[in-house]
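Visitor: Below are the structure tokens for one structure; questions will follow.
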Amino acid sequence: MSKVAVLLCRCFGEVDGVIDLDALRKKTEEDVSVAFSCVVDSLCLEVDIEKPLSLIRESGAEKVVIGSCSSLGKGDAVVETLVREGIHRSRIGLVDLREGCAWIHRDDPQGATDKALNLIRMEMGALSYRHGSDDVTIRVCPEAMIVGAGPAGLSAACALSRLGFKVHLLERGSGPGGMLNLISHVYPSDEKSGDKIKKYSEIVEKNPLVSFYSKVKILSVKGFAGDFKVHISSSEGEKKLRVGAVILASGARVWLPYGLYRYGKLKHVITQMEMERQFLREPVPIKKAVFIQCVGARNKDRPYCATICCPSSLKNAARIKDENPDARVFILHRDIMTPGSVLEAYYRKALAKGVQFIRFEETNPPEILGDEHVEGVEVFDVINGRKRMLDCDLVVLSTPLVPNDDNAKLADMLGVERDRYGFFSEIYPLHPLETRMDGVFICGSARWPVSSDQAIMQGEGAAVKAAALLGKDAVSALSLSRVPGEKFGHASVNAEACTGCGNCAAVCPFEACRLQKMGGRSVSRVNKMRCKACGNCVSVCPNGAIQLPEHDYRAVGAMIKKAFAEETIS
Amino acid sequence: MKNSLPVLIIGGGVAGISAALDIADAGRAVFLVENSPNLGGQVAKLDKLYPTDHCAFCPLWTDIKRLKEHHLITVHTSTEVKELRSIEGRLHAMIVKNPPAIDASRCVFCGKCERECSQKAIRPAGEHVYPPVCRVDLDVCNHCAACVTICPTAAINFQRAVETIELNIDHVVWASGFKEVDLTPLKEFGFGTHPDIMTSLEFEEWTAEAEINKGDIITKLNRSVPRNIAFIQCAGARDERMLPYCSAVCCMHAFKQAKWIKRRNPAIHCVIFYTDLRTVGRDYYEYSREEIGGSPIRLIRGRPSLIYPLPGGDGIAVKFENTETQKRDIWKFDMVVLNGNLRSSLEWTDQEKLDSPALTEEGFVNPKSDGMSRFSCGFSMEPSDVAESAVQAASVAAGVLIAKREG
């Protein structure tokens, strides 16, 4: 049986001022599995850790229980010191004797001491069954696949190739540009969309590291961070790709407002996109136009603001005024969404050009007048409390972006999550371009509706995240953990006990568990590169065949048993 | 070789930390300089983050831990950039490190100094500071040195030497975040006339779960439970007299605070006075509409024309016009939270010896500029929240890495 060293930290009276550490030391030493137990002033100071370290070496103790402050105090640092000394993380147990024991039980020293003994015994019990698992290392394929060649995908391809990585740029349409092809100018720079596409696609075309595929369908994706195997069909036929990272930049689509404001029935009631198309062709001077915002957005069906509609209307309304300063242009809105410095200035610019703004309420939307063509718009202006008649011959409806129909399929293939609206979702706002699947990154409107400038920024960002992975020669399963040292194992299957019921495969969110034929029967196997050690599989395994090494069920059982031990110190 | 020089990142908030990690993960060395003693910036001071309503500590802690352990990142806290010059196309920086009295690497956070201090000058550095450490408020400290004597690890020293470090760098990233602007000049907000007229960051600290009131919502004046709280949006912002732009984070910040008030005490009425409710991110709109219980959060479109304390400590009067009903009114509130007065902190940099970055009229690093102003992220670049700052940081990292590779 491997011996345990128990290190107790006084923390200069913060622990031993309440807990009787000497009694605790004596009591723990009674345990046959304890090699030695010692009390020091402060484990986190270099001078004090030396003595216990040499005692560990002399006694041959293989496991260590530390009784000190919590891991968020200096406990973590003490663990790191021991790891540097060559003790594996799975063999170190940290017991919070300061914050979670001495400090909160200052008025009950006896109780605190008993609790401390229990906590230490629980940790010793856990340690006897806790172990790390073998790591696995794979070679990283230094190539990336980018899904979508709109502004986000193009900028990602551009950045990755300039960083020296080979890129497979996949586009479902026939050429690059995505939604930029459909619009005339971009806000807030008022640059021509065509110039924007050209700027990026030229770099991409010139760079031999980028392969462009058009008319692409993704047939299957297998593998994991560093080594995905992708099967696609494109205009050049079917092809198999091997890539280390995937960037999802598949964009979104514009929602069409059938059923609202007599769209599709009344001539000259058009969407923002149709207005863009007009501007792309020969622009016809417009004399009287009304823009209506939040058409099909911020309502029960689509309870979100699609970000781009207000600035787009500002752009086009200002454009109409530029071409014909005498034009009467109204924007009917529920809130003008121009957060920040650049967009707020863009709003002020439109105001200065004479674009007029009228606020309406969701419950009292504007009404379009006219039977055969648009004759005017009637709207209740909440700011002056009056109904207003706007004479106009063109109504432009601002509709939101909605997720692409194939998002569900893509998400399923790649193992990424979608939000409640159907857009791809990130792991956490602090890591907005990373998904729960290592090696898969999201950007642009596939993630959440954004302007082309924002999409470009996100594309570059996603490229950098991918580059961090692709720049490595090899990657190990444990190193994929976002918190260094926090994970030291993956789920592992005891093939003899496994009945092949498939519960684990059904619940694994990362598709790490799979059933495989072995000796004529089905047995679960864990792909270590995909396993995140979440433990879902463990909880559904009917016979304990699948375990997390750091939380072996026997370890938890041992902890529970010790937690309710009757024995006290006195 | 020029391209092997480190990148200097100014600012250790979310933007700076993210940029540092992204650049270092790609194999390039980074110097990160933060002028306060701890990392995490403004986010570390927040009790909760929208739209998840989680505390900010966990995600920040994992990133800060990774930052500190990264072999390519050198972090200098309590450090200011004193000189930054471009000499023959090379950047040269002089940074000055002014270490705090309590050494974070030796402090065991035992709290003895805090209990010993007769002036109450010593307090934990902040709720989300990792590792936890105590801090001396030198404005209150009378230098009795009782703490120096009592500290068991000799972590306290008031005579620590100021250290000057010279650096050759090849790029600089501005990520110095935001500061609050003093609202006293805009008399109508009544800032400074009553203890319970506070800015939203003050309010966040006052009501934080990990701060002195442990999440209780009480007034500063007499520590009683307020009956109602007013949130005034665009205070100082979208205002030609102070900040013409929209500070981007305040609408959601107000919703977050109002919702937390409701969660902790549904009996308190909350009113948000707004201009436009800007809820453009993922889940933001639904977050703003979610009902918590008790009376709903009332939304009134209008910017109050006058806020003033009532005589005898009898609350705060808010005079306003509801622009959606054209009705004028005066309501009495127990607390008023002012939201919007955020400005890039670059304005406050000592620019005498600094070849300063090219700033726009509104105080942000000019996106069209070149040279040392080429890279910025977070509030130095544009009013942005956590997610946007992290995106900008990653994009800046791409720019830096490409510039390094292409020379």
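In the structure tokens, the first chain shown is A, the next is B, and so on; residue numbers restart at 1 for each chain, and ligands run from 1 in the order shown.
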List the neighbours of segment 552-560 of chain A out to 9 Å using only C-alpha atoms; skip same-chain residues closer than 2 positions along the sequence, and give me the result as a list of chain:residue names.

Guide: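 Close residues of segment 552-560 of chain A: A:Leu119, A:Arg121, A:Met122, A:Glu123, A:Met124, A:Gly125, A:Ala126, A:Leu127, A:Ser128, A:Tyr129, A:Arg130, A:His131, A:Val538, A:Gly544, A:Gln547, A:Leu548, A:Pro549, A:Glu550, A:Lys562, A:Ala563, A:Phe564, A:Ala565.
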
Visitor: Please identify every residue of chain B that has at least one atom no farther than 6 Å from an atom of chain A, counting only C-alpha atoms, and for each give the shortest atom pair and the distance in Å to one decimal, arranged by chain then increasing number, as a tab-separated table.

Guide:
residue	atom	partner	partner_atom	distance
B:Asp25	CA	A:Ala468	CA	5.3
B:Ala26	CA	A:Ala468	CA	4.8
B:Thr62	CA	A:Val483	CA	5.8
B:Tyr245	CA	A:Ser341	CA	4.7
B:Cys246	CA	A:Gly340	CA	4.8
B:Ser247	CA	A:Gly340	CA	5.5
B:Ala248	CA	A:Pro339	CA	4.6
B:Asp276	CA	A:Asp335	CA	4.9
B:Arg278	CA	A:Met337	CA	5.5
B:Val280	CA	A:Thr307	CA	5.2
B:Tyr285	CA	A:Tyr304	CA	5.3
B:Thr323	CA	A:Ile383	CA	5.4
B:Glu324	CA	A:Val382	CA	5.0
B:Pro383	CA	A:Gly340	CA	5.0
B:Ala387	CA	A:Pro429	CA	4.9
B:Val391	CA	A:Gln458	CA	5.9
B:Ala394	CA	A:Gly461	CA	4.2
B:Ser395	CA	A:Gly461	CA	4.2
B:Ala398	CA	A:Val464	CA	5.5
B:Ile402	CA	A:Leu163	CA	5.9

Visitor: Would you pick out the contacts of Leu390 of chain A at 7 Å or less, using only C-alpha atoms, so that residues sharing its chain but fewer than 3 positions from it are not included, and give the list as a ChimeraX atom specification?

Guide: /A:376-378

Visitor: Near Ala175 of chain B, counting only C-alpha atoms, which residues have an atom at most 8 Å away, once you skip same-chain residues fewer than 5 positions from it, shown as a compact mmCIF listing (two decimals) with all heavy atoms, in the first residue's frame?

Guide:
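Written out: around01.txt:
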# COMPACT_ATOMS: atom_id res chain seq x y z
N ILE B 9 1.98 45.19 -24.22
CA ILE B 9 0.54 45.38 -24.10
C ILE B 9 0.28 46.29 -22.91
O ILE B 9 0.74 46.00 -21.79
CB ILE B 9 -0.19 44.03 -23.95
CG1 ILE B 9 0.00 43.24 -25.24
CG2 ILE B 9 -1.66 44.24 -23.64
CD1 ILE B 9 -0.65 41.90 -25.26
N ILE B 10 -0.40 47.37 -23.13
CA ILE B 10 -0.66 48.32 -22.05
C ILE B 10 -2.08 48.11 -21.56
O ILE B 10 -3.04 48.43 -22.25
CB ILE B 10 -0.43 49.77 -22.53
CG1 ILE B 10 1.00 49.91 -23.05
CG2 ILE B 10 -0.71 50.75 -21.40
CD1 ILE B 10 1.34 51.27 -23.60
N GLY B 11 -2.19 47.54 -20.38
CA GLY B 11 -3.50 47.29 -19.79
C GLY B 11 -3.72 45.82 -19.51
O GLY B 11 -3.53 44.98 -20.38
N GLY B 12 -4.11 45.51 -18.29
CA GLY B 12 -4.29 44.12 -17.88
C GLY B 12 -5.73 43.78 -17.57
O GLY B 12 -6.03 43.03 -16.65
N GLY B 13 -6.65 44.36 -18.34
CA GLY B 13 -8.06 43.98 -18.22
C GLY B 13 -8.36 42.86 -19.20
O GLY B 13 -7.44 42.23 -19.73
N ALA B 15 -9.36 42.90 -22.29
CA ALA B 15 -8.79 43.09 -23.62
C ALA B 15 -7.29 42.77 -23.61
O ALA B 15 -6.80 42.01 -24.45
CB ALA B 15 -9.02 44.53 -24.08
N GLY B 16 -6.56 43.33 -22.65
CA GLY B 16 -5.12 43.12 -22.59
C GLY B 16 -4.75 41.67 -22.32
O GLY B 16 -3.86 41.10 -22.97
N SER B 376 -5.07 48.52 -31.11
CA SER B 376 -5.76 48.82 -29.86
C SER B 376 -6.95 47.89 -29.75
O SER B 376 -7.46 47.39 -30.76
CB SER B 376 -6.22 50.28 -29.84
OG SER B 376 -7.11 50.52 -30.90
N CYS B 377 -7.37 47.65 -28.54
CA CYS B 377 -8.55 46.81 -28.34
C CYS B 377 -9.25 47.19 -27.05
O CYS B 377 -8.67 47.89 -26.21
CB CYS B 377 -8.20 45.32 -28.36
SG CYS B 377 -6.90 44.83 -27.26
N GLY B 378 -10.47 46.73 -26.89
CA GLY B 378 -11.25 47.09 -25.71
C GLY B 378 -11.66 48.55 -25.77
O GLY B 378 -11.78 49.12 -26.86
N PHE B 379 -11.86 49.14 -24.63
CA PHE B 379 -12.37 50.51 -24.57
C PHE B 379 -11.38 51.53 -25.13
O PHE B 379 -11.74 52.67 -25.39
CB PHE B 379 -12.74 50.87 -23.12
CG PHE B 379 -14.09 51.51 -22.99
CD1 PHE B 379 -15.21 50.74 -22.74
CD2 PHE B 379 -14.25 52.88 -23.12
CE1 PHE B 379 -16.47 51.32 -22.62
CE2 PHE B 379 -15.51 53.47 -23.00
CZ PHE B 379 -16.61 52.69 -22.75
N SER B 380 -10.10 51.16 -25.28
CA SER B 380 -9.14 52.08 -25.90
C SER B 380 -9.50 52.31 -27.35
O SER B 380 -9.15 53.31 -27.96
CB SER B 380 -7.72 51.51 -25.85
OG SER B 380 -7.28 51.46 -24.54
N MET B 381 -10.20 51.32 -27.92
CA MET B 381 -10.50 51.37 -29.34
C MET B 381 -11.93 51.88 -29.58
O MET B 381 -12.15 52.70 -30.47
CB MET B 381 -10.36 49.95 -29.89
CG MET B 381 -10.71 49.78 -31.31
SD MET B 381 -10.89 48.02 -31.63
CE MET B 381 -11.36 48.06 -33.32

Visitor: Find the distance between atom CA of Thr271 of chain A and atom CA of Ser184 of chain A and write it in Å to one decimal.

Guide: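 Going from atom CA of Thr271 of chain A over to atom CA of Ser184 of chain A covers 14.0 Å.
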
Visitor: Using DSSP on the backbone, list every residue of segment 10-147 of chain A that comes out as strand (DSSP E or B), and give them as an MDAnalysis selection string.

Guide: chainID A and resid 34:40 63:68 92:96 137:139 143:147

Visitor: Do a neighbour search on Ile261 of chain B at 10 Å with only C-alpha atoms, toss out local chain neighbours closer than 5 positions, and write the hits as a VMD selection string.

Guide: chain B and resid 207 215 to 217 229 255 to 256 266 to 270 292
